[in-house]
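As provided, data-v6.txt (compact mmCIF, C-alpha atoms) reads as follows.
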```
# COMPACT_ATOMS: atom_id res chain seq x y z
CA MET A 1 15.23 -129.43 -32.79
CA ALA A 2 13.58 -130.07 -36.16
CA LYS A 3 14.94 -132.70 -38.53
CA GLY A 4 16.72 -131.67 -41.70
CA PRO A 5 18.30 -128.37 -42.77
CA GLY A 6 15.00 -126.75 -43.81
CA LEU A 7 14.69 -124.32 -46.72
CA TYR A 8 17.11 -121.60 -47.77
CA SER A 9 14.74 -118.96 -46.36
CA ASP A 10 15.29 -120.50 -42.90
CA ILE A 11 18.98 -119.51 -42.88
CA GLY A 12 19.28 -116.58 -40.45
CA LYS A 13 15.51 -116.45 -39.89
CA LYS A 14 15.65 -116.59 -36.09
CA ALA A 15 17.94 -113.54 -35.93
CA ARG A 16 15.84 -111.65 -38.53
CA ASP A 17 12.64 -112.31 -36.58
CA LEU A 18 14.22 -111.14 -33.33
CA LEU A 19 15.64 -107.96 -34.88
CA PHE A 20 12.90 -106.93 -37.31
CA LYS A 21 9.61 -108.78 -36.84
CA ASP A 22 6.67 -106.73 -35.44
CA TYR A 23 8.60 -103.45 -35.53
CA HIS A 24 6.67 -100.87 -37.55
CA SER A 25 5.85 -97.17 -37.56
CA ASP A 26 2.27 -97.32 -38.82
CA GLN A 27 -1.08 -98.63 -37.65
CA LYS A 28 -2.01 -102.17 -38.59
CA PHE A 29 -4.92 -104.44 -37.80
CA THR A 30 -5.81 -108.00 -38.73
CA ILE A 31 -9.15 -109.58 -37.82
CA THR A 32 -10.01 -113.21 -38.56
CA THR A 33 -13.37 -114.90 -38.30
CA TYR A 34 -14.69 -118.33 -39.30
CA SER A 35 -17.93 -119.20 -41.06
CA PRO A 36 -20.09 -122.16 -39.91
CA THR A 37 -18.61 -124.18 -42.81
CA GLY A 38 -15.03 -123.56 -41.62
CA VAL A 39 -14.04 -120.87 -44.13
CA ALA A 40 -11.56 -118.40 -42.61
CA ILE A 41 -12.13 -114.74 -43.50
CA THR A 42 -9.34 -112.28 -42.63
CA ALA A 43 -9.55 -108.50 -43.00
CA SER A 44 -6.30 -106.52 -42.80
CA GLY A 45 -5.57 -102.83 -42.97
CA THR A 46 -2.55 -100.56 -42.71
CA ARG A 47 -2.51 -96.81 -42.29
CA LYS A 48 0.71 -94.94 -42.96
CA SER A 49 0.49 -91.14 -42.86
CA GLU A 50 -2.56 -90.33 -45.02
CA LEU A 51 -2.46 -93.59 -46.98
CA PHE A 52 -4.73 -96.50 -46.04
CA VAL A 53 -4.33 -99.93 -47.62
CA ALA A 54 -6.63 -102.86 -46.88
CA ASP A 55 -7.39 -106.36 -48.12
CA VAL A 56 -9.77 -109.22 -47.42
CA ASN A 57 -8.55 -112.82 -47.55
CA THR A 58 -10.72 -115.94 -47.69
CA GLN A 59 -9.15 -119.31 -46.89
CA LEU A 60 -10.78 -122.67 -47.58
CA LYS A 61 -9.26 -125.99 -46.56
CA ASN A 62 -10.29 -129.33 -48.04
CA LYS A 63 -8.21 -132.29 -46.91
CA ASN A 64 -4.63 -131.44 -47.96
CA ILE A 65 -5.59 -128.57 -50.32
CA THR A 66 -5.69 -124.96 -49.08
CA THR A 67 -7.11 -122.19 -51.27
CA ASP A 68 -6.48 -118.52 -50.44
CA ILE A 69 -8.31 -115.74 -52.28
CA LYS A 70 -7.42 -112.13 -51.47
CA VAL A 71 -8.81 -108.82 -52.76
CA ASP A 72 -7.05 -105.51 -52.02
CA THR A 73 -8.08 -101.86 -52.24
CA ASP A 74 -6.72 -101.63 -55.81
CA SER A 75 -9.18 -104.34 -56.92
CA ASN A 76 -6.42 -106.88 -57.44
CA LEU A 77 -7.44 -110.50 -56.94
CA PHE A 78 -4.75 -112.84 -55.60
CA THR A 79 -5.31 -116.61 -55.63
CA THR A 80 -3.00 -119.20 -54.09
CA ILE A 81 -3.64 -122.95 -54.09
CA THR A 82 -1.41 -125.06 -51.85
CA VAL A 83 -1.27 -128.85 -51.92
CA ASN A 84 0.41 -130.26 -48.82
CA GLU A 85 2.09 -133.67 -48.92
CA PRO A 86 0.94 -135.02 -52.32
CA ALA A 87 4.00 -137.18 -51.64
CA PRO A 88 6.08 -137.40 -48.43
CA GLY A 89 8.01 -134.15 -47.85
CA LEU A 90 6.50 -132.46 -50.91
CA LYS A 91 4.45 -129.23 -51.21
CA ALA A 92 3.06 -127.71 -54.42
CA ILE A 93 1.91 -124.07 -54.71
CA PHE A 94 0.09 -122.43 -57.62
CA SER A 95 -0.53 -118.68 -57.54
CA PHE A 96 -1.75 -115.93 -59.85
CA LYS A 97 -3.07 -112.36 -59.75
CA VAL A 98 -5.93 -110.81 -61.71
CA PRO A 99 -5.77 -108.70 -63.87
CA ASP A 100 -2.01 -109.34 -64.26
CA GLN A 101 -1.87 -112.14 -66.84
CA ARG A 102 1.89 -112.61 -66.38
CA SER A 103 1.69 -113.29 -62.64
CA GLY A 104 1.00 -117.03 -62.75
CA LYS A 105 3.61 -119.12 -60.95
CA VAL A 106 4.10 -122.73 -59.92
CA GLU A 107 6.31 -123.56 -56.94
CA VAL A 108 7.43 -126.92 -55.56
CA GLN A 109 9.05 -127.44 -52.17
CA TYR A 110 10.68 -130.63 -50.94
CA LEU A 111 11.99 -131.31 -47.44
CA HIS A 112 14.27 -134.23 -46.59
CA ASP A 113 16.35 -135.15 -43.55
CA TYR A 114 19.47 -133.99 -45.41
CA ALA A 115 18.14 -131.50 -47.99
CA GLY A 116 15.59 -128.78 -48.61
CA ILE A 117 14.66 -127.64 -52.12
CA SER A 118 12.35 -124.93 -53.43
CA THR A 119 11.90 -124.15 -57.10
CA SER A 120 9.40 -121.97 -58.95
CA VAL A 121 8.75 -120.97 -62.55
CA GLY A 122 6.54 -118.24 -63.99
CA LEU A 123 3.77 -119.29 -66.36
CA THR A 124 4.86 -117.04 -69.23
CA ALA A 125 6.60 -117.49 -72.57
CA ASN A 126 9.89 -116.22 -71.05
CA PRO A 127 9.61 -117.04 -67.37
CA ILE A 128 11.82 -116.23 -64.42
CA VAL A 129 13.04 -119.47 -62.87
CA ASN A 130 13.88 -119.49 -59.15
CA PHE A 131 15.80 -122.24 -57.39
CA SER A 132 17.04 -122.55 -53.85
CA GLY A 133 18.56 -125.58 -52.21
CA VAL A 134 20.10 -126.52 -48.88
CA ILE A 135 22.08 -129.61 -47.99
CA GLY A 136 23.28 -130.73 -44.56
CA THR A 137 21.64 -131.47 -41.25
CA ASN A 138 19.78 -129.58 -38.55
CA VAL A 139 23.21 -128.64 -37.16
CA LEU A 140 25.18 -127.55 -40.24
CA ALA A 141 23.65 -126.52 -43.55
CA LEU A 142 24.95 -124.99 -46.78
CA GLY A 143 22.69 -123.52 -49.46
CA ALA A 144 22.25 -121.34 -52.53
CA ASP A 145 19.44 -119.14 -53.87
CA LEU A 146 19.33 -118.36 -57.62
CA SER A 147 17.02 -116.63 -60.10
CA PHE A 148 17.39 -116.87 -63.87
CA ASP A 149 15.56 -114.62 -66.33
CA THR A 150 15.05 -116.64 -69.50
CA LYS A 151 14.09 -113.52 -71.48
CA ILE A 152 17.52 -111.91 -71.12
CA GLY A 153 19.43 -115.12 -70.42
CA GLU A 154 21.03 -113.87 -67.19
CA LEU A 155 21.16 -114.68 -63.51
CA THR A 156 19.24 -111.90 -61.75
CA LYS A 157 19.89 -113.22 -58.24
CA SER A 158 22.67 -115.35 -56.79
CA ASN A 159 23.00 -115.80 -53.04
CA ALA A 160 24.76 -118.37 -50.89
CA GLY A 161 24.48 -119.14 -47.20
CA LEU A 162 25.84 -121.22 -44.34
CA SER A 163 24.05 -121.97 -41.08
CA PHE A 164 25.25 -123.53 -37.81
CA THR A 165 22.85 -124.55 -35.02
CA LYS A 166 23.93 -125.88 -31.65
CA ASP A 167 21.61 -126.19 -28.66
CA ASP A 168 20.61 -122.60 -27.82
CA LEU A 169 22.56 -120.69 -30.49
CA ILE A 170 22.24 -120.21 -34.24
CA ALA A 171 24.86 -118.53 -36.42
CA SER A 172 24.66 -117.84 -40.15
CA LEU A 173 26.76 -116.32 -42.91
CA THR A 174 25.29 -115.29 -46.29
CA LEU A 175 26.68 -113.69 -49.43
CA ASN A 176 23.94 -111.72 -51.23
CA ASP A 177 23.36 -109.42 -54.21
CA LYS A 178 25.71 -111.30 -56.52
CA GLY A 179 28.54 -111.13 -54.00
CA ASP A 180 28.16 -107.46 -53.10
CA ALA A 181 26.79 -107.89 -49.56
CA LEU A 182 28.22 -110.13 -46.83
CA ASN A 183 25.84 -110.74 -43.93
CA ALA A 184 26.57 -112.43 -40.60
CA ALA A 185 23.83 -113.12 -38.04
CA TYR A 186 23.78 -114.57 -34.53
CA TYR A 187 20.90 -115.69 -32.30
CA HIS A 188 21.30 -116.98 -28.75
CA VAL A 189 18.70 -118.09 -26.22
CA VAL A 190 19.87 -116.87 -22.82
CA ASN A 191 16.99 -118.18 -20.71
CA PRO A 192 14.42 -120.58 -22.23
CA LEU A 193 12.05 -120.17 -19.26
CA THR A 194 11.51 -116.45 -19.98
CA ASN A 195 12.21 -116.72 -23.73
CA THR A 196 15.10 -114.30 -23.23
CA ALA A 197 17.30 -114.09 -26.30
CA VAL A 198 19.89 -111.82 -27.89
CA GLY A 199 20.72 -111.38 -31.55
CA ALA A 200 23.01 -109.46 -33.86
CA GLU A 201 23.34 -108.87 -37.56
CA VAL A 202 26.18 -107.18 -39.42
CA THR A 203 26.19 -106.44 -43.14
CA HIS A 204 29.13 -105.23 -45.21
CA ARG A 205 28.46 -103.89 -48.70
CA PHE A 206 31.59 -104.09 -50.85
CA SER A 207 30.45 -101.57 -53.51
CA THR A 208 30.06 -98.74 -50.97
CA ASN A 209 32.30 -100.09 -48.18
CA GLU A 210 29.38 -99.48 -45.80
CA ASN A 211 28.74 -101.49 -42.64
CA THR A 212 25.40 -101.92 -40.88
CA LEU A 213 25.26 -103.40 -37.38
CA THR A 214 22.02 -104.18 -35.55
CA LEU A 215 21.83 -105.54 -31.99
CA GLY A 216 18.64 -106.72 -30.32
CA THR A 217 17.12 -108.61 -27.42
CA GLN A 218 13.78 -109.96 -26.23
CA HIS A 219 12.41 -110.96 -22.84
CA GLN A 220 9.10 -112.39 -21.69
CA LEU A 221 7.76 -110.27 -18.82
CA ASP A 222 5.08 -112.89 -18.17
CA PRO A 223 3.66 -115.81 -20.18
CA LEU A 224 1.54 -113.40 -22.26
CA THR A 225 3.75 -110.30 -22.58
CA THR A 226 6.98 -109.92 -24.55
CA LEU A 227 9.37 -106.96 -24.59
CA LYS A 228 11.84 -106.40 -27.44
CA ALA A 229 14.49 -103.75 -28.12
CA ARG A 230 17.11 -103.09 -30.80
CA VAL A 231 19.70 -100.49 -31.81
CA ASN A 232 21.87 -100.03 -34.90
CA ASN A 233 25.11 -98.20 -35.64
CA PHE A 234 23.20 -95.32 -37.26
CA GLY A 235 21.74 -94.36 -33.87
CA ARG A 236 18.22 -95.66 -34.42
CA THR A 237 16.83 -97.22 -31.25
CA SER A 238 13.56 -99.15 -31.22
CA ALA A 239 11.45 -100.97 -28.65
CA LEU A 240 8.14 -102.81 -28.62
CA ILE A 241 5.84 -104.54 -26.19
CA GLN A 242 3.45 -107.25 -27.34
CA HIS A 243 0.62 -108.70 -25.26
CA GLU A 244 -1.41 -111.81 -26.07
CA TRP A 245 -4.71 -110.74 -24.55
CA ARG A 246 -6.50 -113.86 -25.76
CA PRO A 247 -5.25 -117.02 -27.54
CA LYS A 248 -3.65 -116.10 -30.91
CA SER A 249 -4.72 -112.45 -30.49
CA PHE A 250 -2.02 -109.82 -29.99
CA PHE A 251 -1.75 -106.12 -29.29
CA THR A 252 1.60 -104.52 -30.16
CA ILE A 253 2.94 -101.02 -29.62
CA SER A 254 6.37 -100.07 -30.94
CA GLY A 255 8.46 -96.93 -31.16
CA GLU A 256 11.67 -95.70 -32.75
CA VAL A 257 13.94 -92.77 -31.88
CA ASP A 258 16.82 -91.43 -33.95
CA THR A 259 19.43 -90.59 -31.29
CA LYS A 260 21.45 -88.61 -33.86
CA ALA A 261 18.44 -86.38 -34.57
CA ILE A 262 16.70 -86.32 -31.22
CA GLU A 263 14.78 -83.16 -32.15
CA LYS A 264 12.70 -85.20 -34.59
CA SER A 265 9.48 -86.80 -33.37
CA ALA A 266 9.61 -90.44 -32.39
CA LYS A 267 7.91 -92.94 -34.70
CA VAL A 268 5.13 -94.91 -33.04
CA GLY A 269 3.38 -97.96 -34.46
CA LEU A 270 0.34 -99.94 -33.33
CA GLY A 271 -0.64 -103.48 -34.28
CA LEU A 272 -3.74 -105.55 -33.54
CA VAL A 273 -4.27 -109.20 -34.43
CA LEU A 274 -7.66 -110.65 -33.48
CA LYS A 275 -8.56 -114.29 -33.91
CA PRO A 276 -11.50 -116.21 -32.45
```
For this file, produce the structure as structure tokens.
Amino acid sequence: MAKGPGLYSDIGKKARDLLFKDYHSDQKFTITTYSPTGVAITASGTRKSELFVADVNTQLKNKNITTDIKVDTDSNLFTTITVNEPAPGLKAIFSFKVPDQRSGKVEVQYLHDYAGISTSVGLTANPIVNFSGVIGTNVLALGADLSFDTKIGELTKSNAGLSFTKDDLIASLTLNDKGDALNAAYYHVVNPLTNTAVGAEVTHRFSTNENTLTLGTQHQLDPLTTLKARVNNFGRTSALIQHEWRPKSFFTISGEVDTKAIEKSAKVGLGLVLKP
């Protein structure tokens, strides 16, 4: 078990990954190669219906500084510079997009045995300031996630969360969307040897009095093949199988059926990740 409570984004992450990660209804591919000088070049593409979106990312590492430069099909240039451990527990991130002159942002993250803090500010005259903080331990943690728009002088986001971790189970409770949505999540490892786990997430939205319940599970068929399945209270049932056919390279096929509209065609997604 890792030391410290982690960042606010870690609250409920295990359950979210089990229930939603790698499920998709389109075709995706990611191919990474390395130059003789150690520069990583990653090409990614996604096809959804008749739309195809692609990007190329170049990553250069020099000591504790990582520079990512990405170009997409709309000719946008994204640059992210990450400085790891300029001081113990500290990470600094600078990012911007061209031609968007208002996209510049500086983010600082700090991890401690009893706290995790992340704060960012936009590099504009009237920036949006984001702050999230967690206090506690790797067993019990309490945190908040806030965004303040200095242009209008209002909080645009205010979330709070609680996480409990004990051996093979993780439970979390979050209040999102300025108190409108209450979310509870649960993750439990049933068998560590086969990476068998179950998870659940329930969300209640006070403004509409609507409840959403999602249940899911995963099981390792063999050391290289994982099977996942999920279902929600709206009758949508999904499953996927993912195979690691070489180290860090995965092939994934997933599908979804709406049991309340069985006459509709099932959604099928394919994913390919290739690394040398």
* Compare A:Leu77, A:Val139, A:Ala200, A:Leu111 by their minimum atom-to-atom distance to Tyr187 of chain A, counting all atoms listed in the file, and give me the closest one. => A:Ala200
* Counting all atoms listed in the file, which of A:Phe78, A:Tyr23, A:Phe29, A:Phe164 gets nearest to Lys97 of chain A? ->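 Using all atoms listed in the file, Lys97 of chain A sits closest to A:Phe78.
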* Contact residues around Ser132 of chain A with only C-alpha atoms at 9 Å, ignoring same-chain residues under 5 positions, as a ChimeraX atom specification -> /A:7-9,116-119,143-147
* To do: Please provide as a ChimeraX atom specification all residues within 6 Å of Ile69 of chain A, with the sequence filter that same-chain residues fewer than 5 positions apart are discarded (counting all atoms listed in the file).
  => /A:57-58,78-79
* To do: Could you tell me which of A:Ala141, A:Ile241, A:Ala87, A:Ala171 comes closest to Val108 of chain A if we count all atoms listed in the file?
  => A:Ala87
* **Shortest interatomic distance to Ile128 of chain A - which of A:Thr156, A:Ser238, A:Thr225, A:Gln109, counting all atoms listed in the file** =>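 Comparing A:Thr156, A:Ser238, A:Thr225, A:Gln109 against Ile128 of chain A, the winner is A:Thr156.
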Close residues, Thr252 of chain A itself excluded, 10 Å, all atoms listed in the file, min 5 positions apart in chain, as a PDB file with C-alpha atoms, in the frame of the given file:
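Contents of the output file selection10.pdb:
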```pdb
ATOM      1  CA  ASP A  22       6.670-106.730 -35.440  1.00  0.00           C
ATOM      2  CA  TYR A  23       8.600-103.450 -35.530  1.00  0.00           C
ATOM      3  CA  HIS A  24       6.670-100.870 -37.550  1.00  0.00           C
ATOM      4  CA  GLN A  27      -1.080 -98.630 -37.650  1.00  0.00           C
ATOM      5  CA  LYS A  28      -2.010-102.170 -38.590  1.00  0.00           C
ATOM      6  CA  THR A 225       3.750-110.300 -22.580  1.00  0.00           C
ATOM      7  CA  THR A 226       6.980-109.920 -24.550  1.00  0.00           C
ATOM      8  CA  LEU A 227       9.370-106.960 -24.590  1.00  0.00           C
ATOM      9  CA  LEU A 240       8.140-102.810 -28.620  1.00  0.00           C
ATOM     10  CA  ILE A 241       5.840-104.540 -26.190  1.00  0.00           C
ATOM     11  CA  GLN A 242       3.450-107.250 -27.340  1.00  0.00           C
ATOM     12  CA  HIS A 243       0.620-108.700 -25.260  1.00  0.00           C
ATOM     13  CA  GLU A 244      -1.410-111.810 -26.070  1.00  0.00           C
ATOM     14  CA  GLY A 269       3.380 -97.960 -34.460  1.00  0.00           C
ATOM     15  CA  LEU A 270       0.340 -99.940 -33.330  1.00  0.00           C
ATOM     16  CA  GLY A 271      -0.640-103.480 -34.280  1.00  0.00           C
ATOM     17  CA  LEU A 272      -3.740-105.550 -33.540  1.00  0.00           C
ATOM     18  CA  VAL A 273      -4.270-109.200 -34.430  1.00  0.00           C
TER      19      VAL A 273
END
```
* To do: Using all atoms listed in the file, pick whichever of A:Asn209, A:Asn195, A:Thr203, A:Asn62 has the shortest atom-to-atom distance to Leu182 of chain A.
  =>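 Once distances to Leu182 of chain A are computed over all atoms listed in the file, the minimum belongs to A:Thr203.
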* Between atom CA of Ile170 of chain A and atom CA of Asn211 of chain A, what is the spacing in Å? ->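 Atom-to-atom, atom CA of Asn211 of chain A to atom CA of Ile170 of chain A, that is 21.5 Å.
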* **Of the listed residues A:Ala115, A:Val39, A:Val134, A:Ile31, that which approaches Leu162 of chain A most closely, counting only C-alpha atoms** =>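 Using only C-alpha atoms, the shortest distance to Leu162 of chain A belongs to A:Val134.
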